[in-house]
$ cat my_file11.csv   # CSV, C-alpha atoms
chain,number,residue,atom,x,y,z
A,972,GLU,CA,4.1,-38.1,-7.0
A,973,ILE,CA,6.6,-35.8,-5.2
A,974,ASP,CA,6.1,-35.0,-1.5
A,975,LEU,CA,7.1,-31.5,-0.6
A,976,ALA,CA,8.1,-30.3,2.9
A,977,THR,CA,5.3,-29.7,5.3
A,978,GLY,CA,3.6,-26.4,4.6
A,979,GLU,CA,5.5,-25.8,1.3
A,980,GLY,CA,2.7,-26.8,-1.0
A,981,ILE,CA,1.1,-23.3,-1.0
A,982,ASN,CA,4.3,-21.9,-2.7
A,983,TRP,CA,3.9,-24.3,-5.7
A,984,PRO,CA,1.4,-23.7,-8.5
A,985,ALA,CA,-1.0,-26.3,-9.7
A,986,THR,CA,1.1,-27.1,-12.8
A,987,GLY,CA,4.6,-26.5,-13.8
A,988,ASN,CA,8.2,-27.7,-14.4
A,989,GLY,CA,11.0,-28.3,-12.0
A,990,THR,CA,14.4,-29.8,-11.4
A,991,LEU,CA,15.7,-32.4,-8.9
A,992,GLU,CA,19.3,-32.3,-7.7
A,993,ALA,CA,20.2,-29.5,-10.1
A,994,GLY,CA,23.9,-29.3,-11.0
A,995,THR,CA,24.7,-32.9,-10.1
A,996,VAL,CA,25.2,-36.0,-12.2
A,997,ASN,CA,21.7,-37.1,-10.9
A,998,ALA,CA,19.9,-34.0,-12.2
A,999,ASP,CA,16.4,-34.7,-13.5
A,1000,SER,CA,13.9,-32.4,-15.1
A,1001,PHE,CA,10.3,-33.1,-14.5
A,1002,ALA,CA,6.8,-31.7,-14.9
A,1003,TRP,CA,3.6,-32.0,-12.9
A,1004,THR,CA,-0.1,-31.5,-13.7
A,1005,GLY,CA,-1.7,-31.2,-10.2
A,1006,ARG,CA,-1.1,-30.3,-6.6
A,1007,THR,CA,-2.8,-31.6,-3.5
A,1008,ALA,CA,-1.8,-30.0,-0.2
A,1009,ASP,CA,2.0,-30.7,0.0
A,1010,GLN,CA,2.1,-33.2,-2.8
A,1011,LEU,CA,2.8,-32.7,-6.6
A,1012,THR,CA,0.8,-35.1,-8.7
A,1013,GLY,CA,0.8,-36.2,-12.3
A,1014,VAL,CA,4.6,-36.1,-12.2
A,1015,SER,CA,6.5,-37.1,-15.4
A,1016,GLY,CA,10.1,-37.0,-16.6
A,1017,ILE,CA,12.0,-38.5,-13.6
A,1018,THR,CA,14.4,-41.1,-14.9
A,1019,ILE,CA,16.2,-42.3,-11.8
A,1020,ASN,CA,15.6,-42.7,-8.1
A,1021,HIS,CA,16.4,-39.7,-5.9
A,1022,PRO,CA,17.0,-39.7,-2.1
A,1023,THR,CA,14.7,-38.3,0.5
A,1024,ASN,CA,15.2,-34.5,1.0
A,1025,ALA,CA,16.8,-34.2,-2.5
A,1026,GLU,CA,17.0,-30.6,-3.6
A,1027,LEU,CA,13.8,-29.6,-5.5
A,1028,ILE,CA,13.7,-26.5,-7.6
A,1029,GLU,CA,10.7,-25.0,-9.4
A,1030,ASN,CA,11.5,-23.5,-12.8
A,1031,VAL,CA,9.7,-20.2,-12.8
A,1032,ASP,CA,11.4,-18.4,-15.7
A,1033,THR,CA,8.2,-18.7,-17.9
A,1034,ALA,CA,6.0,-17.4,-15.1
A,1035,LEU,CA,8.4,-14.5,-14.2
A,1036,ALA,CA,8.4,-13.3,-17.8
A,1037,ASP,CA,4.7,-12.5,-17.4
A,1038,LEU,CA,5.1,-10.6,-14.1
A,1039,PRO,CA,5.1,-6.7,-14.2
A,1040,ARG,CA,8.4,-5.0,-14.0
A,1041,GLY,CA,9.4,-2.1,-11.8
A,1042,ASN,CA,12.1,-0.5,-9.6
A,1043,ILE,CA,9.9,0.7,-6.7
A,1044,LEU,CA,8.6,-2.0,-4.3
A,1045,HIS,CA,6.4,-1.6,-1.2
A,1046,SER,CA,4.9,-4.3,1.1
A,1047,SER,CA,2.1,-3.7,3.6
A,1048,MET,CA,-1.4,-5.0,4.5
A,1049,GLY,CA,-0.6,-8.4,3.0
A,1050,ARG,CA,0.2,-7.0,-0.4
A,1051,LEU,CA,3.2,-6.4,-2.6
A,1052,LEU,CA,3.0,-3.1,-4.6
A,1053,LEU,CA,5.1,-2.4,-7.6
A,1054,THR,CA,5.6,0.6,-9.8
A,1055,LYS,CA,8.4,2.3,-11.9
A,1056,ASP,CA,9.8,5.8,-11.7
A,1057,ASN,CA,9.0,6.4,-15.4
A,1058,ASN,CA,5.4,5.2,-15.3
A,1059,ILE,CA,2.0,6.1,-13.8
A,1060,ARG,CA,0.8,2.5,-13.2
A,1061,THR,CA,0.9,0.9,-9.8
A,1062,TYR,CA,0.3,-2.9,-9.5
A,1063,TYR,CA,-0.9,-4.6,-6.3
A,1064,SER,CA,-0.5,-8.3,-5.7
A,1065,ALA,CA,-2.9,-11.0,-4.6
A,1066,VAL,CA,-3.1,-11.6,-0.9
A,1067,ASN,CA,-0.9,-14.7,-1.0
A,1068,ASP,CA,2.8,-15.6,-1.3
A,1069,THR,CA,2.7,-17.8,-4.5
A,1070,LEU,CA,5.2,-16.6,-7.0
A,1071,ASP,CA,3.6,-17.3,-10.3
A,1072,THR,CA,1.6,-15.4,-13.0
A,1073,SER,CA,-1.5,-15.3,-10.7
A,1074,LEU,CA,0.4,-13.0,-8.2
A,1075,PHE,CA,-0.4,-9.9,-10.3
A,1076,THR,CA,-3.1,-11.2,-12.7
A,1077,ALA,CA,-6.0,-8.7,-12.2
A,1078,ALA,CA,-9.3,-10.1,-11.0
A,1079,ALA,CA,-12.5,-8.8,-9.6
A,1080,ASN,CA,-12.8,-10.2,-6.1
A,1081,PHE,CA,-11.6,-8.8,-2.8
A,1082,GLY,CA,-8.0,-9.9,-2.2
A,1083,ASP,CA,-7.3,-10.4,-5.9
A,1084,PRO,CA,-4.5,-8.5,-7.8
A,1085,GLY,CA,-5.0,-5.4,-9.9
A,1086,PHE,CA,-3.5,-2.1,-10.9
A,1087,GLU,CA,-4.3,1.6,-10.8
A,1088,ASP,CA,-3.1,4.4,-13.1
A,1089,PHE,CA,-2.3,7.7,-11.4
A,1090,THR,CA,-2.7,10.4,-14.0
A,1091,GLU,CA,-2.8,13.1,-11.3
A,1092,GLY,CA,0.3,15.0,-10.3
A,1093,GLN,CA,1.9,15.5,-13.7
A,1094,GLY,CA,4.6,12.9,-13.9
A,1095,ALA,CA,5.7,9.4,-13.0
A,1096,ASN,CA,5.3,7.5,-9.7
A,1097,LEU,CA,8.3,8.0,-7.4
A,1098,ALA,CA,7.4,6.1,-4.2
A,1099,ILE,CA,4.8,4.1,-2.3
A,1100,THR,CA,4.0,4.1,1.4
A,1101,GLY,CA,1.3,2.6,3.6
A,1102,ARG,CA,-0.7,4.4,6.3
A,1103,ASP,CA,-4.0,3.9,8.2
A,1104,GLY,CA,-5.2,1.0,5.9
A,1105,LYS,CA,-4.3,2.9,2.7
A,1106,TRP,CA,-1.5,2.9,0.2
A,1107,ILE,CA,-0.1,6.3,-0.9
A,1108,VAL,CA,1.5,6.8,-4.3
A,1109,TRP,CA,3.9,9.7,-4.3
A,1110,LYS,CA,4.9,12.0,-7.2
A,1111,GLN,CA,6.8,15.3,-7.3
A,1112,ARG,CA,3.6,17.3,-7.1
A,1113,GLY,CA,1.7,15.3,-4.5
A,1114,ALA,CA,0.5,12.2,-2.7
A,1115,PHE,CA,-2.4,10.1,-3.9
A,1116,PRO,CA,-4.0,7.5,-1.4
A,1117,PHE,CA,-6.0,4.5,-2.5
A,1118,TRP,CA,-7.4,1.4,-0.8
A,1119,GLU,CA,-9.6,-1.6,-1.3
A,1120,THR,CA,-13.0,-2.7,0.1
A,1121,THR,CA,-15.8,-5.1,-0.8
A,1122,PHE,CA,-19.3,-4.3,-2.0
A,1123,SER,CA,-20.6,-6.6,0.8
A,1124,GLY,CA,-19.2,-6.3,4.3
A,1125,THR,CA,-20.2,-9.9,5.1
A,1126,SER,CA,-18.4,-11.7,2.3
A,1127,SER,CA,-14.7,-11.8,1.5
A,1128,THR,CA,-15.4,-13.0,-2.0
A,1129,SER,CA,-17.6,-10.1,-2.9
A,1130,ASN,CA,-16.4,-7.9,-5.8
A,1131,LYS,CA,-13.8,-5.4,-4.7
A,1132,GLN,CA,-14.0,-1.6,-4.8
A,1133,ILE,CA,-10.9,0.5,-5.2
A,1134,HIS,CA,-11.3,3.9,-3.5
A,1135,ARG,CA,-9.3,7.1,-4.1
A,1136,ASP,CA,-8.9,9.4,-1.1
A,1137,PHE,CA,-8.4,13.2,-1.0
A,1138,ALA,CA,-5.2,13.9,-2.9
A,1139,ILE,CA,-2.5,16.2,-1.7
A,1140,GLU,CA,-1.5,18.0,-4.9
A,1141,GLY,CA,0.5,21.2,-5.6
A,1142,GLU,CA,3.9,22.7,-6.1
A,1143,ASP,CA,6.5,21.2,-3.8
A,1144,GLN,CA,3.9,19.0,-2.1
A,1145,GLY,CA,5.4,15.6,-3.2
A,1146,VAL,CA,8.6,13.8,-3.0
A,1147,ALA,CA,11.8,14.6,-4.9
A,1148,ALA,CA,13.1,11.2,-5.9
A,1149,PRO,CA,12.5,7.4,-5.2
A,1150,GLN,CA,15.1,7.4,-2.4
A,1151,ALA,CA,13.8,10.6,-0.8
A,1152,ILE,CA,11.3,9.2,1.6
A,1153,THR,CA,11.6,7.1,4.8
A,1154,THR,CA,9.8,6.1,7.9
A,1155,GLY,CA,11.1,7.7,11.1
A,1156,GLY,CA,10.1,5.1,13.6
A,1157,ASP,CA,7.5,7.4,15.2
A,1158,GLY,CA,4.6,6.8,12.9
A,1159,LEU,CA,5.7,9.6,10.6
A,1160,ASP,CA,7.2,9.6,7.1
A,1161,TYR,CA,10.1,12.0,6.4
A,1162,LEU,CA,10.8,13.2,2.9
A,1163,ILE,CA,12.7,15.6,0.8
A,1164,SER,CA,10.5,17.8,-1.4
A,1165,PRO,CA,11.4,18.7,-5.0
A,1166,ARG,CA,12.6,22.2,-3.8
A,1167,GLY,CA,14.8,20.7,-1.1
A,1168,GLN,CA,12.8,21.1,2.1
A,1169,ILE,CA,12.9,18.3,4.7
A,1170,LYS,CA,9.3,17.5,5.6
A,1171,TYR,CA,7.3,15.1,7.8
A,1172,PHE,CA,4.0,13.5,6.9
A,1173,ASP,CA,1.4,12.3,9.4
A,1174,GLY,CA,-1.3,11.5,6.9
A,1175,SER,CA,-2.7,15.0,6.4
A,1176,VAL,CA,-0.4,17.5,4.7
A,1177,PRO,CA,3.5,17.4,4.6
A,1178,LYS,CA,4.9,19.9,7.0
A,1179,SER,CA,8.3,21.6,6.7
A,1180,LEU,CA,11.2,21.1,9.2
A,1181,THR,CA,13.6,23.4,7.3
A,1182,GLU,CA,11.6,26.5,6.6
A,1183,ALA,CA,13.8,28.5,8.9
A,1184,ILE,CA,17.0,27.7,6.9
A,1185,LEU,CA,15.6,28.0,3.4
A,1186,PRO,CA,18.3,30.6,2.3
A,1187,THR,CA,20.8,27.8,3.0
A,1188,ILE,CA,19.2,25.0,1.1
A,1189,LYS,CA,17.5,26.7,-1.8
A,1190,ASN,CA,20.2,25.9,-4.4
A,1191,PHE,CA,19.9,22.1,-4.4
A,1192,GLY,CA,19.2,19.6,-7.1
A,1193,THR,CA,16.9,17.0,-5.7
A,1194,ASP,CA,16.3,14.5,-8.5
A,1195,THR,CA,18.9,12.2,-6.9
A,1196,ALA,CA,18.1,13.2,-3.3
A,1197,ALA,CA,18.2,10.5,-0.6
A,1198,ILE,CA,17.0,10.3,3.0
A,1199,GLY,CA,17.4,7.8,5.9
A,1200,TYR,CA,16.6,7.3,9.6
A,1201,ASP,CA,19.1,6.3,12.2
A,1202,PRO,CA,17.0,4.7,15.1
A,1203,LYS,CA,20.0,4.5,17.4
A,1204,GLU,CA,20.8,8.2,17.4
A,1205,ASN,CA,17.3,9.2,16.5
A,1206,LEU,CA,18.5,11.3,13.5
A,1207,ILE,CA,17.1,11.9,10.0
A,1208,TYR,CA,19.8,12.2,7.3
A,1209,ALA,CA,18.9,14.0,4.1
A,1210,SER,CA,21.4,14.4,1.2
A,1211,MET,CA,21.0,16.7,-1.8
A,1212,LYS,CA,23.2,17.6,-4.8
A,1213,GLY,CA,24.5,21.1,-4.8
A,1214,LEU,CA,23.9,23.7,-7.5
A,1215,ASN,CA,25.5,27.0,-8.3
A,1216,SER,CA,23.6,30.2,-9.1
A,1217,ALA,CA,23.3,29.1,-12.7
A,1218,GLY,CA,21.6,25.9,-11.7
A,1219,ASN,CA,24.6,23.7,-12.6
A,1220,PRO,CA,26.0,20.9,-10.2
A,1221,VAL,CA,28.9,21.9,-8.0
A,1222,ASN,CA,30.4,19.4,-5.6
A,1223,ASN,CA,31.4,21.9,-2.9
A,1224,ASN,CA,27.7,22.8,-2.4
A,1225,ASP,CA,26.6,19.2,-1.9
A,1226,SER,CA,25.0,19.0,1.5
A,1227,ILE,CA,23.7,16.6,4.1
A,1228,VAL,CA,21.0,18.0,6.4
A,1229,VAL,CA,20.8,16.3,9.7
A,1230,TYR,CA,17.6,16.6,11.8
A,1231,ASP,CA,17.9,15.7,15.5
A,1232,LYS,CA,14.4,14.4,16.3
A,1233,ALA,CA,14.9,14.4,20.1
A,1234,ARG,CA,15.9,18.1,20.2
A,1235,GLY,CA,14.3,19.4,17.0
A,1236,ALA,CA,17.7,20.7,15.9
A,1237,LEU,CA,19.1,21.0,12.4
A,1238,SER,CA,22.7,21.0,11.1
A,1239,ILE,CA,24.2,21.0,7.6
A,1240,ARG,CA,27.4,19.4,6.4
A,1241,LYS,CA,28.7,20.8,3.1
A,1242,GLY,CA,30.7,18.9,0.4
A,1243,LYS,CA,29.3,15.4,0.7
A,1244,ASN,CA,26.6,13.8,-1.4
A,1245,ILE,CA,24.9,10.5,-0.5
A,1246,SER,CA,23.0,8.3,-2.9
A,1247,CYS,CA,21.3,6.0,-0.4
A,1248,PHE,CA,21.1,5.3,3.4
A,1249,ALA,CA,20.8,2.0,5.2
A,1250,TYR,CA,20.8,1.2,8.9
A,1251,ASP,CA,22.7,-1.9,10.1
A,1252,PRO,CA,20.7,-3.3,13.0
A,1253,GLN,CA,23.4,-5.8,14.0
A,1254,ASP,CA,26.2,-3.3,14.5
A,1255,ARG,CA,23.8,-0.5,15.1
A,1256,LYS,CA,25.4,1.8,12.6
A,1257,MET,CA,24.0,4.2,10.0
A,1258,LEU,CA,25.6,3.4,6.6
A,1259,ALA,CA,25.5,5.4,3.4
A,1260,GLY,CA,26.5,4.9,-0.2
A,1261,ASP,CA,27.7,7.2,-2.9
A,1262,ALA,CA,26.9,6.2,-6.5
A,1263,ASN,CA,30.3,7.7,-7.6
A,1264,ASN,CA,32.4,6.2,-4.8
A,1265,PRO,CA,33.0,2.5,-4.0
A,1266,ASN,CA,33.4,3.2,-0.2
A,1267,VAL,CA,30.7,2.6,2.4
A,1268,LEU,CA,30.3,5.6,4.7
A,1269,GLU,CA,29.5,5.3,8.4
A,1270,MET,CA,27.4,8.3,9.5
A,1271,ASN,CA,26.9,8.0,13.3
A,1272,VAL,CA,30.4,8.4,14.6
A,1273,VAL,CA,30.1,10.8,17.6
A,1274,SER,CA,31.2,14.3,16.4
A,1275,LYS,CA,33.0,12.8,13.5
A,1276,PHE,CA,32.5,11.6,9.9
A,1277,SER,CA,33.9,8.3,8.6
A,1278,ASP,CA,35.0,8.2,5.0
A,1279,ASP,CA,35.6,4.5,4.9
A,1280,ILE,CA,34.6,1.8,7.4
A,1281,GLY,CA,37.8,0.2,8.8
A,1282,SER,CA,40.2,2.7,7.5
A,1283,GLY,CA,40.4,4.6,10.7
A,1284,GLU,CA,40.1,7.9,8.9
A,1285,ARG,CA,37.9,10.5,10.7
A,1286,VAL,CA,37.1,13.9,9.4
A,1287,PRO,CA,35.5,16.5,11.7
A,1288,VAL,CA,32.0,17.7,10.7
A,1289,VAL,CA,31.6,21.3,9.9
A,1290,ALA,CA,27.9,22.2,10.2
A,1291,THR,CA,26.6,25.5,9.0
A,1292,ALA,CA,23.1,26.8,9.1
A,1293,ILE,CA,22.1,30.3,7.9
A,1294,THR,CA,18.8,31.6,9.3
A,1295,LYS,CA,16.4,34.2,7.7
A,1296,ARG,CA,17.6,37.7,7.3
A,1297,PHE,CA,15.8,40.4,9.3
A,1298,ASN,CA,15.2,44.0,8.2
A,1299,PHE,CA,14.0,46.3,11.1
A,1300,ASN,CA,13.2,49.2,8.7
A,1301,LEU,CA,14.2,51.8,11.3
A,1302,PRO,CA,13.7,55.5,10.4
A,1303,VAL,CA,16.8,57.7,10.5
A,1304,SER,CA,15.7,59.6,13.6
A,1305,ASP,CA,14.9,56.5,15.6
A,1306,LYS,CA,17.5,56.0,18.4
A,1307,ASN,CA,16.0,52.8,19.7
A,1308,VAL,CA,17.8,49.5,19.3
A,1309,PRO,CA,15.6,46.5,18.8
A,1310,LEU,CA,16.4,43.3,20.7
A,1311,LEU,CA,16.8,40.1,18.7
A,1312,GLY,CA,16.5,36.9,20.7
A,1313,ILE,CA,17.8,33.5,19.5
A,1314,GLN,CA,16.9,30.3,21.1
A,1315,GLY,CA,17.7,26.7,20.1
A,1316,TYR,CA,20.0,23.7,20.5
A,1317,MET,CA,23.8,23.5,19.9
A,1318,LEU,CA,26.7,21.4,20.9
A,1319,PRO,CA,29.6,22.7,23.1
A,1320,THR,CA,31.9,22.9,20.1
A,1321,ALA,CA,29.4,24.8,18.0
A,1322,LYS,CA,29.5,28.6,17.3
A,1323,VAL,CA,26.8,31.0,16.5
A,1324,LYS,CA,27.5,34.3,14.8
A,1325,VAL,CA,25.0,37.2,14.6
A,1326,SER,CA,25.8,40.2,12.5
A,1327,PHE,CA,24.0,43.6,12.4
A,1328,ARG,CA,24.5,45.9,9.4
A,1329,GLY,CA,23.5,49.5,9.4
A,1330,ASN,CA,23.9,52.7,7.3
A,1331,ASP,CA,24.7,55.8,9.3
A,1332,GLY,CA,24.8,58.9,7.0
A,1333,GLY,CA,26.0,56.8,4.1
A,1334,THR,CA,28.6,54.9,6.1
A,1335,LYS,CA,27.9,51.2,6.3
A,1336,LYS,CA,28.6,49.6,9.6
A,1337,ILE,CA,28.7,45.9,10.5
A,1338,GLU,CA,28.6,44.7,14.1
A,1339,ALA,CA,29.0,41.0,14.8
A,1340,LYS,CA,28.7,38.9,17.9
A,1341,GLU,CA,29.9,35.3,18.3
A,1342,PHE,CA,29.2,32.8,21.1
A,1343,ASP,CA,29.7,29.1,21.5
A,1344,GLY,CA,27.9,26.3,23.3
A,1345,ALA,CA,29.8,26.3,26.5
A,1346,THR,CA,26.7,26.9,28.6
A,1347,THR,CA,25.3,25.2,31.8
A,1348,ASN,CA,23.3,22.9,29.6
A,1349,PRO,CA,25.5,22.4,26.5
A,1350,TYR,CA,22.6,21.5,24.3
A,1351,ILE,CA,20.4,24.6,24.9
A,1352,PHE,CA,21.3,28.2,24.4
A,1353,THR,CA,19.5,31.5,24.7
A,1354,ARG,CA,21.2,34.8,23.8
$ encode --input "my_file11.csv" --output "structure tokens"
Amino acid sequence: EIDLATGEGINWPATGNGTLEAGTVNADSFAWTGRTADQLTGVSGITINHPTNAELIENVDTALADLPRGNILHSSMGRLLLTKDNNIRTYYSAVNDTLDTSLFTAAANFGDPGFEDFTEGQGANLAITGRDGKWIVWKQRGAFPFWETTFSGTSSTSNKQIHRDFAIEGEDQGVAAPQAITTGGDGLDYLISPRGQIKYFDGSVPKSLTEAILPTIKNFGTDTAAIGYDPKENLIYASMKGLNSAGNPVNNNDSIVVYDKARGALSIRKGKNISCFAYDPQDRKMLAGDANNPNVLEMNVVSKFSDDIGSGERVPVVATAITKRFNFNLPVSDKNVPLLGIQGYMLPTAKVKVSFRGNDGGTKKIEAKEFDGATTNPYIFTR
């Protein structure tokens, strides 16, 4: 027999192969045919004595070969969920932490593993989230919830039932890419839609945060979009690849849209594309990576942008947002001038430019007005 550390037995299957003191002159390969609590029984293959607390390794190559493969993982409600961005199948694991073939071997009882195929939404699965006791599979054209119950409410060994909830399906109702959805720390999910809108999801229908600046963000390629949440600064970062009018990628139109959750404010930084975001809780920094650049970027430098951690280089952020265009449709004889009010948030260093264009007897006129954020409250302006 081999005695395992207290509480470790649950992580070992009933039969298998292993190695003692791997990589040393005393290395021994062994097999076992049974397990009782924290003890392996029916052990064979050990040729020499080994000390107490010798390194013990389970050989799991054979078991892992039978596990499903994927590149999208999600864990919630005691399960591991797995899918792939070129497939419609979603696997859900058993309610245990044993890494062997039983982890994803489909069975009929509540708590057993299984899989669901999502033919809805025209395309592959792109992300999985969890909310209100349900798992949600995201595609480009929607979100598709499902969850598990038992036939009998009094028995945990009753046959399971998999339920499908009301699906959110339609043009621009889903997520753009696997990296384009994140949790915002407030119970909401934030995502980038296939058409480049930044949306939030509270379990009902995704709602847009960027509808007011659609003319600015409409020329984006979103198949490599990425989004991340900075809990220190309470900011949502969303990055999208820029396109020209012909729909071809152009680097100078790459954009990062930043949403300030506390103030409900938006800003855009042109010329930078991010492939992934990650928050460093130890140093409390928002980090980002570019698939075409070996540098790690630091995002939350006050009023600045770091191109490389530790290099000392700081590049000022230029943020531009173009709102909707207004057409007052005034008749030629109308001498009244409409009033246009603008209200929102801005930093002291920011500038807002409003331009009015008219046609007086065939002569085009343009009147422009600029103002900055040097107000009593530098974060709020009304003009």
$ atom_distance --input "my_file11.csv" --atom1 "CA of Ala1098 (chain A)" --atom2 "CA of Arg1112 (chain A)"
12.2 Å
$ atom_distance --input "my_file11.csv" --atom1 "CA of Lys1256 (chain A)" --atom2 "CA of Glu1204 (chain A)"
9.2 Å
$ closest_residue --input "my_file11.csv" --among "A:Tyr1171, A:Thr1153, A:Gly1049, A:Val1176" --to "Ala1138 (chain A)" --atoms "only C-alpha atoms"
A:Val1176
$ atom_distance --input "my_file11.csv" --atom1 "CA of Ala1151 (chain A)" --atom2 "CA of Ile1059 (chain A)"
18.1 Å
$ residues_around --input "my_file11.csv" --residues "region 1155-1165 of chain A" --least-positions-apart "3" --cutoff "10 Å" --atoms "all atoms listed in the file" --output "PyMOL selection string"
chain A and resi 1100-1102+1110-1113+1142-1148+1150-1152+1168-1174+1177-1180+1191-1194+1196-1202+1205-1211+1232
$ closest_residue --input "my_file11.csv" --among "A:Pro1022, A:Gly1013, A:Gly978, A:Gly1041" --to "Ala998 (chain A)" --atoms "only C-alpha atoms"
A:Pro1022
$ residues_around --input "my_file11.csv" --residues "Val1066 (chain A)" --least-positions-apart "2" --cutoff "7 Å" --atoms "only C-alpha atoms" --output "list in words"
Gly1049, Arg1050, Ser1064, Gly1082 and Asp1083 of chain A
$ closest_residue --input "my_file11.csv" --among "A:Ile1099, A:Lys1336, A:Val1014, A:Asn988" --to "Asn1042 (chain A)" --atoms "all atoms listed in the file"
A:Ile1099
$ closest_residue --input "my_file11.csv" --among "A:Asp999, A:Asp1088, A:Glu992, A:Glu972" --to "Leu1011 (chain A)" --atoms "only C-alpha atoms"
A:Glu972
$ residues_near_point --input "my_file11.csv" --point "(26.0, 13.8, 1.7)" --cutoff "7 Å" --atoms "all atoms listed in the file" --output "MDAnalysis selection string"
chainID A and resid 1210:1211 1225:1227 1243:1245
$ residues_around --input "my_file11.csv" --residues "Pro1084 (chain A)" --least-positions-apart "3" --cutoff "10 Å" --atoms "only C-alpha atoms" --output "short mmCIF file (atom, residue, chain, number, x, y, z; two decimals) with C-alpha atoms, in the coordinates of the input"
data_model
loop_
_atom_site.label_atom_id
_atom_site.label_comp_id
_atom_site.auth_asym_id
_atom_site.auth_seq_id
_atom_site.Cartn_x
_atom_site.Cartn_y
_atom_site.Cartn_z
CA ARG A 1050 0.20 -7.00 -0.40
CA LEU A 1051 3.20 -6.40 -2.60
CA LEU A 1052 3.00 -3.10 -4.60
CA TYR A 1062 0.30 -2.90 -9.50
CA TYR A 1063 -0.90 -4.60 -6.30
CA SER A 1064 -0.50 -8.30 -5.70
CA ALA A 1065 -2.90 -11.00 -4.60
CA VAL A 1066 -3.10 -11.60 -0.90
CA ASN A 1067 -0.90 -14.70 -1.00
CA SER A 1073 -1.50 -15.30 -10.70
CA LEU A 1074 0.40 -13.00 -8.20
CA PHE A 1075 -0.40 -9.90 -10.30
CA THR A 1076 -3.10 -11.20 -12.70
CA ALA A 1077 -6.00 -8.70 -12.20
CA ALA A 1078 -9.30 -10.10 -11.00
CA ALA A 1079 -12.50 -8.80 -9.60
CA ASN A 1080 -12.80 -10.20 -6.10
CA PHE A 1081 -11.60 -8.80 -2.80
#
$ closest_residue --input "my_file11.csv" --among "A:Ala1095, A:Phe1086, A:Phe1001, A:Thr1023" --to "Leu975 (chain A)" --atoms "only C-alpha atoms"
A:Thr1023
$ closest_residue --input "my_file11.csv" --among "A:Lys1203, A:Trp1106, A:His1045, A:Trp983" --to "Gln1253 (chain A)" --atoms "only C-alpha atoms"
A:Lys1203
$ residues_near_point --input "my_file11.csv" --point "(13.9, -31.6, -2.3)" --cutoff "8 Å" --atoms "all atoms listed in the file" --output "PyMOL selection string"
chain A and resi 975-976+991-992+1023-1028
